[in-house]
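So the structure is just underneath, and the comments pick up after that.
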Amino acid sequence: MTLDNGKSELVYQGRKAQRADSRQRRKAILEATLRLIVKDGIRGIRHRAVAKEAAVPLAATTYYFKDLNDLISDAFTFFVEQNIDQTRGLQEESIAAARQLTPEQLASPEGRRQLIQQLTRFVLSHIRAQAANRDNRLVELAFKNEALRNEQLTRAVRMASQSTENMIVEFFDLLQMADPAAAAQIVHGTILNLEFQVLCGAVSIESPLLERAVTMMIKGLIPARAEESPQEQQMVDMQTA
């Protein structure tokens with residue numbers, strides 16, 4: 001998997017499939033692997049179990065994936081490929097919102113307030129959509145946990161995470177922030193934590209706390225004008241509360 005400014009070129013490790021029917025069978029194996037991870041976790045992934053779940057001969061799984069690590073790594077790559085559009089959609093919405101405002105508007109309290117409100121809405125929608133898809137979040141967490149033990153998967157997970165952060169960095173570059181990479185770490189980490197809090201039931205998906213946390217994060221990251229007075233800053237904060 002190679003990355004370029006948030007765009008992913010996904011590279012699979014197992015044996016390639018040339019014919020259409022072979023590609024379909026390989027896809028069925030990867031889909032079955034993801035379903036098994038939801039039910040049993042990664043430790044439940046075995047060639048025989050995957051073949052049964054995919055309704056293919058055992059020889060098919062061992063043909064495409066002689067090594068279980070290749071199967072697990074390719075299942076993660078397939079998972080990222082299927083789900084990356086959601087994160088890219090958040091990036092595109094955020095960049096579009098920022099580009100709608102002129103530099104002068106961005107520098108004004110009203111422009112900053114408008115941008116904070118839009119970004120809060122976009123991020124909340126993203127978190128709720130992600131948390132609502134419980135199976136995908138279980139798969140994602142299972143892969144991240146396994147990556148601590150599996151060096152091949154570690155590289156894939158790290159690069160996928162970097163891809164997401166690159167998308168966020170591009171947005172903060174647009175705002176000409178002093179340290180877009182640090183801002184991206186804060187945003188990505190906060191989103192993942194809030195998704196987990198919703199997923200495990202610690203925070204309701206409609207809880208006001210969710211919105212307050214996202215708003216506070218964004219307010220802290222979107223720079224105010226250097227000449228903005230404390231009174232103006234307080235007014236913006238009150239309007240976006």
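The way I read the labels, and the way they are meant: chains A, B, ... in the order of the structure tokens, residue 1 as the first residue of every chain, and ligand 1 as the first ligand shown, with later ones counted on from there.
Residues within 9 Å of Lys16 (chain A), counting only C-alpha atoms and excluding same-chain residues fewer than 3 positions away, are Tyr12, Gln13, Ser22, Arg23, Arg26 and Tyr64 of chain A.
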Resulting file, chosen residues, N, CA, C and O atoms, as a JSON list (two decimals), in the first residue's frame:
```json
[["chain", "number", "residue", "atom", "x", "y", "z"],
["A", 12, "TYR", "N", -2.05, -5.78, -2.81],
["A", 12, "TYR", "CA", -2.35, -7.04, -2.13],
["A", 12, "TYR", "C", -1.13, -7.95, -2.14],
["A", 12, "TYR", "O", -0.32, -7.91, -3.06],
["A", 13, "GLN", "N", -1.03, -8.77, -1.08],
["A", 13, "GLN", "CA", 0.14, -9.63, -0.89],
["A", 13, "GLN", "C", -0.05, -11.05, -1.44],
["A", 13, "GLN", "O", 0.90, -11.69, -1.84],
["A", 22, "SER", "N", -12.12, -15.89, -11.07],
["A", 22, "SER", "CA", -11.10, -16.03, -10.03],
["A", 22, "SER", "C", -11.09, -14.81, -9.12],
["A", 22, "SER", "O", -10.94, -14.94, -7.90],
["A", 23, "ARG", "N", -11.24, -13.63, -9.71],
["A", 23, "ARG", "CA", -11.28, -12.41, -8.90],
["A", 23, "ARG", "C", -12.50, -12.41, -7.98],
["A", 23, "ARG", "O", -12.42, -11.98, -6.82],
["A", 26, "ARG", "N", -11.76, -14.82, -5.12],
["A", 26, "ARG", "CA", -10.81, -14.21, -4.19],
["A", 26, "ARG", "C", -11.52, -13.17, -3.32],
["A", 26, "ARG", "O", -11.29, -13.08, -2.10],
["A", 64, "TYR", "N", -4.77, -19.00, -3.04],
["A", 64, "TYR", "CA", -4.61, -17.54, -3.07],
["A", 64, "TYR", "C", -3.80, -17.02, -1.88],
["A", 64, "TYR", "O", -3.12, -16.00, -1.99]]
```
Test item: residues at most 9 Å from region 178-195 of chain A, only C-alpha atoms, excluding those fewer than 3 positions along its chain, as a PyMOL selection string: chain A and resi 123-124+126-128+130-131+137+161+164-173+175+198-200+203+205+210+213-214+217-218+221
DSSP helix (DSSP H, G or I) residues within region 6-225 of chain A, as an MDAnalysis selection string: chainID A and resid 20:40 42:44 47:54 58:64 68:99 103:106 109:132 134:147 151:174 180:199 208:221
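Between Arg212 (chain A) and the residues A:Ile116, A:Val56, A:Ile42, A:Leu34, the shortest atom-to-atom distance, using only C-alpha atoms, involves A:Ile116.
Backbone DSSP of region 3-239 of chain A yields strand (DSSP E) at Leu3, Asp4, Lys7, Ser8 and Glu9 of chain A.
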Name the residues in contact with Thr33 (chain A) at a cut-off of 8 Å, using only C-alpha atoms, excluding same-chain residues fewer than 4 positions from it; report them as a PDB file with N, CA, C and O atoms, in the first residue's frame.
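The result, stored in out.pdb:
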```pdb
ATOM      1  N   ILE A  29     -13.532 -14.787  -0.625  1.00  0.00           N
ATOM      2  CA  ILE A  29     -12.678 -15.246   0.481  1.00  0.00           C
ATOM      3  C   ILE A  29     -12.373 -14.094   1.433  1.00  0.00           C
ATOM      4  O   ILE A  29     -12.428 -14.250   2.657  1.00  0.00           O
ATOM      5  N   ILE A  37     -14.080 -12.340  11.298  1.00  0.00           N
ATOM      6  CA  ILE A  37     -13.448 -11.459  12.288  1.00  0.00           C
ATOM      7  C   ILE A  37     -14.510 -10.819  13.171  1.00  0.00           C
ATOM      8  O   ILE A  37     -14.318 -10.687  14.391  1.00  0.00           O
ATOM      9  N   ILE A  45      -9.447 -16.879  12.500  1.00  0.00           N
ATOM     10  CA  ILE A  45      -9.173 -17.015  11.062  1.00  0.00           C
ATOM     11  C   ILE A  45      -8.281 -18.229  10.797  1.00  0.00           C
ATOM     12  O   ILE A  45      -7.126 -18.272  11.203  1.00  0.00           O
ATOM     13  N   VAL A  50     -12.426 -20.172   6.887  1.00  0.00           N
ATOM     14  CA  VAL A  50     -12.689 -19.185   5.840  1.00  0.00           C
ATOM     15  C   VAL A  50     -13.312 -19.849   4.622  1.00  0.00           C
ATOM     16  O   VAL A  50     -14.260 -19.324   4.022  1.00  0.00           O
ATOM     17  N   GLU A  53     -16.933 -20.551   5.352  1.00  0.00           N
ATOM     18  CA  GLU A  53     -17.725 -19.312   5.360  1.00  0.00           C
ATOM     19  C   GLU A  53     -17.922 -18.773   3.949  1.00  0.00           C
ATOM     20  O   GLU A  53     -18.995 -18.227   3.618  1.00  0.00           O
ATOM     21  N   ILE A  72      -4.752 -12.307   6.183  1.00  0.00           N
ATOM     22  CA  ILE A  72      -5.160 -11.275   7.141  1.00  0.00           C
ATOM     23  C   ILE A  72      -4.788  -9.886   6.623  1.00  0.00           C
ATOM     24  O   ILE A  72      -5.588  -8.945   6.677  1.00  0.00           O
ATOM     25  N   ALA A  75      -7.053  -8.983   3.744  1.00  0.00           N
ATOM     26  CA  ALA A  75      -8.406  -8.691   4.217  1.00  0.00           C
ATOM     27  C   ALA A  75      -8.466  -7.262   4.735  1.00  0.00           C
ATOM     28  O   ALA A  75      -9.451  -6.542   4.512  1.00  0.00           O
TER      29      ALA A  75
END
```
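Among the candidates A:Gly41, A:Gly111, A:Gly14, A:Gly89, the one nearest to Ile222 (chain A) when counting only C-alpha atoms is A:Gly111.
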